[in-house]
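Participant: Let me begin by handing over the structure; questions about it come next.
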Amino acid sequence: MAKYLMLKHYRGAPAATVDVPFDRWTPAEFGAHVQYMRDFADRLRDSGEFVAEAALAPEGTWVRFDGEGRPPVTDGPFAETKDLIAGWMIIDVDSYDRALELAGELSAAPGEGGKPIGEWLELRPLMSEPPTITE
Amino acid sequence: MTDADLRAAVPQVLSALVRRGAEFAAAEDAVQEALVEGLRTWAADPPRDVRAWLVTVAWRRYLDAVRSDVARQRREDIPPPEPVEVPGRDDSLQLYFLCAHPSLTPSSAVALTLRAVGGLTTRQIAEAYLVPEATMAQRISRAKRTISGERLDAPGDVGTVLRTLYLVFNEGYGGDVDLVAEAVRLTRQLHQAYDHPEVAGLMALMLLHAARRPARFSSSGALVPLASQDRSRWDTRLIAEGVSVLQAALAADRLGEYQAQAAIAALHCDAASAAETDWVQVVEWYDELVALTGSPVARLNRAVAVGEADGPLAGLTALADLDPGLPRWAAVAAYLHAAAGDTATAADLYTQAARAATNTAERDHLQREAARLRGATPPGGG
């Protein structure tokens, strides 16, 4: 049993197999894409492997501490920031192989012309609790 | 009446319903409903006979569910099952086998065992494994569908039962449920009902590790490795029980992996300090464990023990045969290099090991070790 985070990128991932931007899809293609993502999440709920998901707004703010008694400094967004996360889903699965299988399935979401996009997803294990038995 | 007493009645109640002719999956749902109702109402008004109360309420819920199913399907010619006399026999033991059936995935077996044998609610199980309640409910209902063709009285596979209980003991988050205590309780119940040396071996293994829990973390929550633990905080009552269960198991002369692991744990529990540990015997038990399982993790731990028994260079030689890609390989290599006096290599390896850690407590410990060896002052002490 292990939890994994699947990360979708707006920017920063290698180019997808079918790399056509959203704004060149037809409304029907976009609808099919959204439906595929919904169905995927529903299948995971049904299989007892779904933990959480969220989509993120493309623009954010950088914030840092700026000394005692001073308001935090804000900056950005920076157009040149390499990595930009679009959304994430956390799954709870029995094996790494199962996590790979699911990420592959999510990456097959249809895009332009109904073809699987083949988008690169980043799969990251979540830290667990330390095991009770250590030797 | 404690929570554990209440939960102990659950497998007996479920087995009584199945004996009356109820189908397992529906009976299990009915028992869960009765349990939740009991937890809600008993604080004010606890019944005198908990088991009888649960059987009565669960049976009523079961009949309601069957009747509404029948109505829904408009199959009015199928009468709901009538209560039949309950034989004195208790099938609780068989429930362990059914809920850890080899056709189930490990996570499904864990969830179903905790609910149908452990008497935990779906919400408690979901919290213990940090998943939404709806996800856990689905996992449990799919598990029940998977085993729907299996008979409760068919002989089971003790291997998957032990693996399931081991997982409950070893992995999980907890929430308001102490999974370690729950695993100990369920294994104790199994051990009392089923005379098998490996069941006893797992029981002993759990007791001997549970005994050390009070010393595993510092007051600030940092992981304390075995060698640095305050052994006066170990639970001597659990150790005595674990050793006695293990001795009885070993007397049967049918060694298995849990008995071998418990023997190693017993040698640690028996020593007043890491230095006074009988490392030669520890290595011998690891040899047994490697012969039984061929497990690379056992070989890795064996290298640590060889390092203590015959010196760090011997430990490094034992390590040289192992795949550096193994989990915790770098941590073991770092420890042995540090013991051999090669501080710089050890520090690099600890940093590498921290990057590969799969939980934050271990990662923080490994980072502290790296910092200590580099001469920096580690936050919170080493």
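Ordered as shown in the structure tokens, chains take letters A, B, and onward, while each chain numbers its residues from 1 and ligands are numbered from 1 in the order shown.
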Taking 3 positions as the minimum chain separation for residues in the same chain, which residues sit within 9 Å of Thr81 in chain A when counting only C-alpha atoms? Answer as number ranges by chain.

Facilitator: A: 11-12, 77-78, 84

Participant: Check every residue of chain A for an atom within 10 Å of chain B, counting only C-alpha atoms, and provide those that qualify as a list in words.

Facilitator: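 Interface list for chain A against chain B: Met1, Ala2, Lys3, Leu44, Arg45, Asp46, Ser47, Gly48, Glu49, Phe50, Val51, Ala52, Ile90, Ile91, Asp92, Val93, Asp94, Ser95, Pro125, Leu126, Met127, Ser128, Glu129, Pro130, Pro131, Thr132, Ile133, Thr134 and Glu135 of chain A.
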
Participant: Please, could you write that set of residues out with N, CA and C atoms as a tab-separated table (two decimals), in the first residue's frame?

Facilitator:
chain	number	residue	atom	x	y	z
A	1	MET	N	0.85	-1.19	0.00
A	1	MET	CA	0.00	0.00	0.00
A	1	MET	C	0.88	1.23	0.00
A	2	ALA	N	0.69	2.05	-1.00
A	2	ALA	CA	1.52	3.25	-1.07
A	2	ALA	C	0.76	4.34	-1.79
A	3	LYS	N	1.04	5.55	-1.38
A	3	LYS	CA	0.38	6.69	-2.02
A	3	LYS	C	1.33	7.35	-3.02
A	44	LEU	N	-11.40	5.23	-10.28
A	44	LEU	CA	-10.53	5.08	-9.10
A	44	LEU	C	-11.34	5.10	-7.80
A	45	ARG	N	-12.40	5.91	-7.79
A	45	ARG	CA	-13.28	5.90	-6.60
A	45	ARG	C	-13.89	4.52	-6.45
A	46	ASP	N	-14.30	3.97	-7.59
A	46	ASP	CA	-14.96	2.67	-7.58
A	46	ASP	C	-14.00	1.54	-7.20
A	47	SER	N	-12.74	1.69	-7.57
A	47	SER	CA	-11.78	0.62	-7.25
A	47	SER	C	-11.18	0.79	-5.86
A	48	GLY	N	-11.55	1.88	-5.17
A	48	GLY	CA	-11.02	2.08	-3.82
A	48	GLY	C	-9.57	2.55	-3.83
A	49	GLU	N	-9.18	3.30	-4.87
A	49	GLU	CA	-7.79	3.76	-4.96
A	49	GLU	C	-7.67	5.28	-4.99
A	50	PHE	N	-8.81	5.97	-4.95
A	50	PHE	CA	-8.80	7.43	-5.07
A	50	PHE	C	-8.58	8.09	-3.71
A	51	VAL	N	-7.70	9.07	-3.66
A	51	VAL	CA	-7.52	9.81	-2.40
A	51	VAL	C	-7.99	11.26	-2.56
A	52	ALA	N	-7.44	11.98	-3.53
A	52	ALA	CA	-7.80	13.40	-3.68
A	52	ALA	C	-7.32	13.91	-5.02
A	90	ILE	N	-3.97	12.29	-6.06
A	90	ILE	CA	-3.27	11.34	-5.18
A	90	ILE	C	-4.01	10.01	-5.22
A	91	ILE	N	-3.25	8.94	-5.42
A	91	ILE	CA	-3.84	7.60	-5.47
A	91	ILE	C	-3.23	6.75	-4.36
A	92	ASP	N	-3.95	5.72	-3.95
A	92	ASP	CA	-3.46	4.80	-2.92
A	92	ASP	C	-3.54	3.40	-3.52
A	93	VAL	N	-2.40	2.83	-3.85
A	93	VAL	CA	-2.37	1.59	-4.64
A	93	VAL	C	-1.50	0.53	-3.98
A	94	ASP	N	-1.64	-0.70	-4.48
A	94	ASP	CA	-0.90	-1.81	-3.88
A	94	ASP	C	0.55	-1.89	-4.34
A	95	SER	N	0.87	-1.27	-5.49
A	95	SER	CA	2.23	-1.43	-5.98
A	95	SER	C	2.62	-0.27	-6.89
A	125	PRO	N	6.23	9.38	-5.24
A	125	PRO	CA	5.72	8.70	-4.04
A	125	PRO	C	5.55	9.70	-2.89
A	126	LEU	N	4.50	9.52	-2.08
A	126	LEU	CA	4.36	10.29	-0.85
A	126	LEU	C	5.15	9.59	0.24
A	127	MET	N	5.71	10.36	1.15
A	127	MET	CA	6.39	9.76	2.30
A	127	MET	C	5.34	9.04	3.16
A	128	SER	N	5.74	7.90	3.72
A	128	SER	CA	4.81	7.14	4.57
A	128	SER	C	5.18	7.36	6.03
A	129	GLU	N	4.52	6.64	6.91
A	129	GLU	CA	4.93	6.59	8.31
A	129	GLU	C	6.09	5.59	8.42
A	130	PRO	N	6.99	5.77	9.40
A	130	PRO	CA	8.05	4.76	9.55
A	130	PRO	C	7.45	3.41	9.94
A	131	PRO	N	7.97	2.32	9.38
A	131	PRO	CA	7.45	1.00	9.76
A	131	PRO	C	7.74	0.69	11.22
A	132	THR	N	6.93	-0.18	11.83
A	132	THR	CA	7.13	-0.55	13.23
A	132	THR	C	8.33	-1.47	13.37
A	133	ILE	N	8.51	-2.34	12.37
A	133	ILE	CA	9.59	-3.34	12.43
A	133	ILE	C	10.74	-2.86	11.55
A	134	THR	N	11.90	-2.70	12.16
A	134	THR	CA	12.99	-2.08	11.42
A	134	THR	C	14.22	-2.95	11.28
A	135	GLU	N	14.27	-4.11	11.96
A	135	GLU	CA	15.48	-4.90	11.75
A	135	GLU	C	15.15	-6.24	11.13

Participant: Pick from A:Gly76, A:Pro116, A:Asp83, A:Pro71: nearest to Lys8 in chain A, with only C-alpha atoms counted?

Facilitator: A:Asp83

Participant: Running DSSP on the backbone, which parts of range 165-313 of chain B land in helix (DSSP H, G or I), as a ChimeraX atom specification?

Facilitator: /B:165-170,179-193,197-210,213-215,226-228,231-233,236-251,257-270,279-293,296-310,312-313

Participant: Restricted to C-alpha atoms, what would the selected residues look like written as a short mmCIF file (atom, residue, chain, number, x, y, z; two decimals), in the first residue's frame?

Facilitator:
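Result file is result_20.cif:
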data_model
loop_
_atom_site.label_atom_id
_atom_site.label_comp_id
_atom_site.auth_asym_id
_atom_site.auth_seq_id
_atom_site.Cartn_x
_atom_site.Cartn_y
_atom_site.Cartn_z
CA LEU B 165 -1.77 -9.05 10.22
CA TYR B 166 1.91 -8.21 9.75
CA LEU B 167 0.91 -5.35 7.41
CA VAL B 168 -1.57 -3.99 9.95
CA PHE B 169 1.19 -4.03 12.58
CA ASN B 170 3.91 -2.59 10.39
CA LEU B 179 -3.07 -0.13 14.57
CA VAL B 180 -0.17 -1.75 16.43
CA ALA B 181 -2.42 -2.54 19.40
CA GLU B 182 -5.15 -3.69 17.02
CA ALA B 183 -2.75 -6.04 15.20
CA VAL B 184 -1.57 -7.44 18.53
CA ARG B 185 -5.18 -7.99 19.64
CA LEU B 186 -6.19 -9.75 16.42
CA THR B 187 -3.06 -11.91 16.38
CA ARG B 188 -3.55 -12.82 20.02
CA GLN B 189 -7.12 -13.89 19.27
CA LEU B 190 -5.87 -16.00 16.33
CA HIS B 191 -3.05 -17.46 18.42
CA GLN B 192 -5.55 -18.54 21.10
CA ALA B 193 -7.79 -20.24 18.51
CA PRO B 197 4.18 -22.27 15.18
CA GLU B 198 4.22 -19.38 12.70
CA VAL B 199 1.10 -17.82 14.23
CA ALA B 200 2.98 -17.98 17.53
CA GLY B 201 6.08 -16.65 15.77
CA LEU B 202 4.20 -13.59 14.50
CA MET B 203 2.61 -13.09 17.93
CA ALA B 204 6.06 -13.12 19.54
CA LEU B 205 7.49 -10.82 16.86
CA MET B 206 4.73 -8.28 17.46
CA LEU B 207 5.05 -8.39 21.24
CA LEU B 208 8.83 -7.96 21.12
CA HIS B 209 8.59 -4.94 18.81
CA ALA B 210 5.59 -3.44 20.58
CA ARG B 213 7.71 1.39 21.06
CA PRO B 214 8.04 3.74 24.07
CA ALA B 215 11.75 4.19 23.24
CA LEU B 226 17.94 0.69 18.35
CA ALA B 227 21.53 1.22 19.52
CA SER B 228 20.68 4.57 21.17
CA ARG B 231 16.24 0.37 27.18
CA SER B 232 14.77 1.09 30.61
CA ARG B 233 11.70 2.32 28.72
CA THR B 236 9.43 -5.84 30.20
CA ARG B 237 6.00 -7.44 30.55
CA LEU B 238 5.57 -7.61 26.77
CA ILE B 239 9.14 -8.87 26.37
CA ALA B 240 8.56 -11.68 28.87
CA GLU B 241 5.36 -12.68 27.12
CA GLY B 242 7.00 -12.50 23.68
CA VAL B 243 9.94 -14.65 24.75
CA SER B 244 7.69 -17.26 26.31
CA VAL B 245 5.42 -17.45 23.22
CA LEU B 246 8.53 -17.74 21.03
CA GLN B 247 10.09 -20.50 23.13
CA ALA B 248 6.91 -22.55 22.93
CA ALA B 249 6.81 -22.04 19.14
CA LEU B 250 10.45 -23.01 18.61
CA ALA B 251 9.90 -26.18 20.63
CA GLU B 257 10.26 -16.65 8.88
CA TYR B 258 8.22 -15.07 11.68
CA GLN B 259 9.83 -17.26 14.33
CA ALA B 260 13.29 -16.40 12.96
CA GLN B 261 12.50 -12.67 13.00
CA ALA B 262 11.09 -12.98 16.50
CA ALA B 263 14.27 -14.76 17.62
CA ILE B 264 16.33 -11.81 16.38
CA ALA B 265 14.02 -9.37 18.15
CA ALA B 266 14.31 -11.46 21.33
CA LEU B 267 18.11 -11.28 21.27
CA HIS B 268 17.92 -7.48 21.07
CA CYS B 269 15.38 -7.35 23.88
CA ASP B 270 17.60 -9.60 25.99
CA TRP B 279 25.60 -10.50 17.67
CA VAL B 280 27.03 -13.90 16.72
CA GLN B 281 23.65 -15.48 17.45
CA VAL B 282 21.88 -12.63 15.67
CA VAL B 283 23.93 -13.41 12.55
CA GLU B 284 23.03 -17.10 12.86
CA TRP B 285 19.33 -16.25 12.95
CA TYR B 286 19.74 -14.00 9.92
CA ASP B 287 21.36 -16.96 8.16
CA GLU B 288 18.22 -18.98 8.97
CA LEU B 289 16.01 -16.16 7.79
CA VAL B 290 17.94 -15.79 4.50
CA ALA B 291 17.75 -19.57 3.98
CA LEU B 292 13.97 -19.50 4.62
CA THR B 293 13.07 -16.47 2.55
CA PRO B 296 17.36 -9.25 0.05
CA VAL B 297 16.20 -7.15 2.99
CA ALA B 298 17.19 -9.97 5.36
CA ARG B 299 20.64 -10.10 3.66
CA LEU B 300 21.01 -6.36 4.14
CA ASN B 301 20.15 -6.57 7.82
CA ARG B 302 22.48 -9.53 8.12
CA ALA B 303 25.34 -7.33 6.87
CA VAL B 304 24.68 -4.93 9.77
CA ALA B 305 24.77 -7.81 12.24
CA VAL B 306 27.99 -9.17 10.67
CA GLY B 307 29.46 -5.69 11.10
CA GLU B 308 28.70 -5.87 14.83
CA ALA B 309 29.80 -9.49 15.27
CA ASP B 310 33.00 -9.52 13.21
CA PRO B 312 32.71 -3.22 10.17
CA LEU B 313 35.07 -4.47 7.45
#

Participant: Neighbours of Asp19 in chain A within 12 Å (only C-alpha atoms; same-chain residues fewer than 2 positions away dropped), as an mmCIF file with C-alpha atoms, in the first residue's frame?

Facilitator:
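Output saved as selection_22.cif:
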data_model
loop_
_atom_site.group_PDB
_atom_site.id
_atom_site.type_symbol
_atom_site.label_atom_id
_atom_site.label_comp_id
_atom_site.auth_asym_id
_atom_site.auth_seq_id
_atom_site.Cartn_x
_atom_site.Cartn_y
_atom_site.Cartn_z
ATOM 1 C CA ALA A 13 7.115 18.557 -18.799
ATOM 2 C CA PRO A 14 8.641 17.080 -21.955
ATOM 3 C CA ALA A 15 6.502 17.495 -25.093
ATOM 4 C CA ALA A 16 3.444 15.218 -25.334
ATOM 5 C CA THR A 17 3.016 12.704 -28.180
ATOM 6 C CA PRO A 21 -2.529 23.318 -27.415
ATOM 7 C CA PHE A 22 -6.035 23.368 -25.891
ATOM 8 C CA ASP A 23 -7.102 26.440 -27.825
ATOM 9 C CA ARG A 24 -6.870 24.533 -31.091
ATOM 10 C CA TRP A 25 -9.253 21.769 -30.033
ATOM 11 C CA PRO A 110 -7.956 12.282 -25.715
ATOM 12 C CA GLY A 111 -7.066 15.647 -27.237
ATOM 13 C CA GLU A 112 -7.133 17.031 -30.757
ATOM 14 C CA GLY A 113 -8.815 14.604 -33.165
ATOM 15 C CA LYS A 115 -6.212 10.909 -30.204
ATOM 16 C CA PRO A 116 -4.551 10.110 -26.859
ATOM 17 C CA ILE A 117 -2.427 13.128 -25.934
ATOM 18 C CA GLY A 118 0.380 11.068 -24.432
ATOM 19 C CA GLU A 119 1.071 13.863 -21.983
ATOM 20 C CA TRP A 120 4.007 13.273 -19.609
#

Participant: Between B:Ala52, B:Asp176, B:Ser148, B:Phe97, which is the closest to Ala126 in chain B once you count only C-alpha atoms?

Facilitator: B:Asp176

Participant: Let me make sure I understand: among B:Thr2, B:Gln94, B:Gln352, B:Thr317, which one has the smallest atom-to-atom distance to Leu366 in chain B if we use only C-alpha atoms?

Facilitator: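 Closest to Leu366 in chain B of all the choices is B:Gln352.
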
Participant: Please give the complete set of residues from chain A that DSSP, run on the backbone, assigns to strand (DSSP E or B), formatted as a PyMOL selection string.

Facilitator: chain A and resi 2-11+50-55+62-64+73-75+84-93+110+116+122-125+128

Participant: With C-alpha atoms retained, export the selected residues as an mmCIF file, in the first residue's frame.

Facilitator:
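Contents of the output file again_10.cif:
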data_model
loop_
_atom_site.group_PDB
_atom_site.id
_atom_site.type_symbol
_atom_site.label_atom_id
_atom_site.label_comp_id
_atom_site.auth_asym_id
_atom_site.auth_seq_id
_atom_site.Cartn_x
_atom_site.Cartn_y
_atom_site.Cartn_z
ATOM 1 C CA ALA A 2 1.522 3.246 -1.073
ATOM 2 C CA LYS A 3 0.383 6.692 -2.024
ATOM 3 C CA TYR A 4 1.512 8.437 -5.157
ATOM 4 C CA LEU A 5 1.013 11.937 -6.467
ATOM 5 C CA MET A 6 0.386 12.288 -10.198
ATOM 6 C CA LEU A 7 1.352 15.753 -11.382
ATOM 7 C CA LYS A 8 0.107 17.396 -14.552
ATOM 8 C CA HIS A 9 2.117 20.321 -15.864
ATOM 9 C CA TYR A 10 1.119 23.422 -17.785
ATOM 10 C CA ARG A 11 4.799 23.873 -18.461
ATOM 11 C CA PHE A 50 -8.801 7.427 -5.065
ATOM 12 C CA VAL A 51 -7.521 9.812 -2.404
ATOM 13 C CA ALA A 52 -7.800 13.398 -3.676
ATOM 14 C CA GLU A 53 -7.412 15.648 -6.681
ATOM 15 C CA ALA A 54 -7.308 19.332 -7.506
ATOM 16 C CA ALA A 55 -6.723 21.586 -10.459
ATOM 17 C CA TRP A 62 5.712 34.045 -4.822
ATOM 18 C CA VAL A 63 5.822 34.915 -1.139
ATOM 19 C CA ARG A 64 8.618 35.044 1.413
ATOM 20 C CA VAL A 73 7.337 40.165 0.352
ATOM 21 C CA THR A 74 5.405 39.089 -2.738
ATOM 22 C CA ASP A 75 6.604 38.816 -6.284
ATOM 23 C CA LEU A 84 4.237 25.077 -13.695
ATOM 24 C CA ILE A 85 1.852 22.579 -12.112
ATOM 25 C CA ALA A 86 -1.638 22.366 -13.623
ATOM 26 C CA GLY A 87 -3.171 19.865 -11.248
ATOM 27 C CA TRP A 88 -2.627 16.768 -9.216
ATOM 28 C CA MET A 89 -4.246 13.552 -8.109
ATOM 29 C CA ILE A 90 -3.268 11.340 -5.179
ATOM 30 C CA ILE A 91 -3.842 7.601 -5.466
ATOM 31 C CA ASP A 92 -3.462 4.799 -2.923
ATOM 32 C CA VAL A 93 -2.372 1.590 -4.640
ATOM 33 C CA PRO A 110 -7.956 12.282 -25.715
ATOM 34 C CA PRO A 116 -4.551 10.110 -26.859
ATOM 35 C CA GLU A 122 5.165 13.117 -13.063
ATOM 36 C CA LEU A 123 4.667 10.283 -10.576
ATOM 37 C CA ARG A 124 5.994 11.005 -7.072
ATOM 38 C CA PRO A 125 5.721 8.703 -4.035
ATOM 39 C CA SER A 128 4.811 7.142 4.570
#

Participant: Work out how far CA of Arg72 in chain B is from CA of Leu112 in chain B, in Å to one decimal.

Facilitator: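 Rounded to one decimal, the two atoms are 27.5 Å apart.
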
Participant: One number please: CA of Asp253 in chain B to CA of His196 in chain B, in Å, one decimal.

Facilitator: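 Between these atoms lies a distance of 11.2 Å.
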
Participant: Considering only C-alpha atoms, can you say which of A:Val34, A:Leu121, A:Ala28, A:Gly67 comes closest to Ala99 in chain A?

Facilitator: A:Leu121

Participant: Provide the CA of Asp97 in chain A to CA of Ala109 in chain A distance in Å, to one decimal place.

Facilitator: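 So the two atoms, CA of Asp97 in chain A and CA of Ala109 in chain A, lie 19.5 Å apart.
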
Participant: Identify, on the basis of only C-alpha atoms, every residue whose closest approach to Lys144 in chain B does not exceed 10 Å; exclude the query and any residue fewer than 5 positions from it along the same chain; express the result as an MDAnalysis selection string.

Facilitator: chainID B and resid 24:26 28 98:99 104 108:109 112 138:139 149:150

Participant: Take the residues from that selection and write them out as a CSV table (one decimal), in the first residue's frame, keeping C-alpha atoms.

Facilitator:
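Okay, out.csv is ready:
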chain,number,residue,atom,x,y,z
B,24,PHE,CA,-21.5,-13.2,4.0
B,25,ALA,CA,-21.4,-9.8,2.3
B,26,ALA,CA,-24.9,-8.8,3.5
B,28,GLU,CA,-21.1,-8.3,7.3
B,98,LEU,CA,-11.8,-15.7,4.4
B,99,CYS,CA,-10.9,-12.0,4.9
B,104,LEU,CA,-7.5,-10.4,-2.4
B,108,SER,CA,-8.2,-5.2,0.4
B,109,ALA,CA,-7.4,-8.0,2.8
B,112,LEU,CA,-11.7,-6.4,5.2
B,138,GLN,CA,-15.6,0.8,-2.1
B,139,ARG,CA,-12.4,-1.2,-1.3
B,149,GLY,CA,-18.0,-17.5,-4.0
B,150,GLU,CA,-15.8,-18.7,-1.1
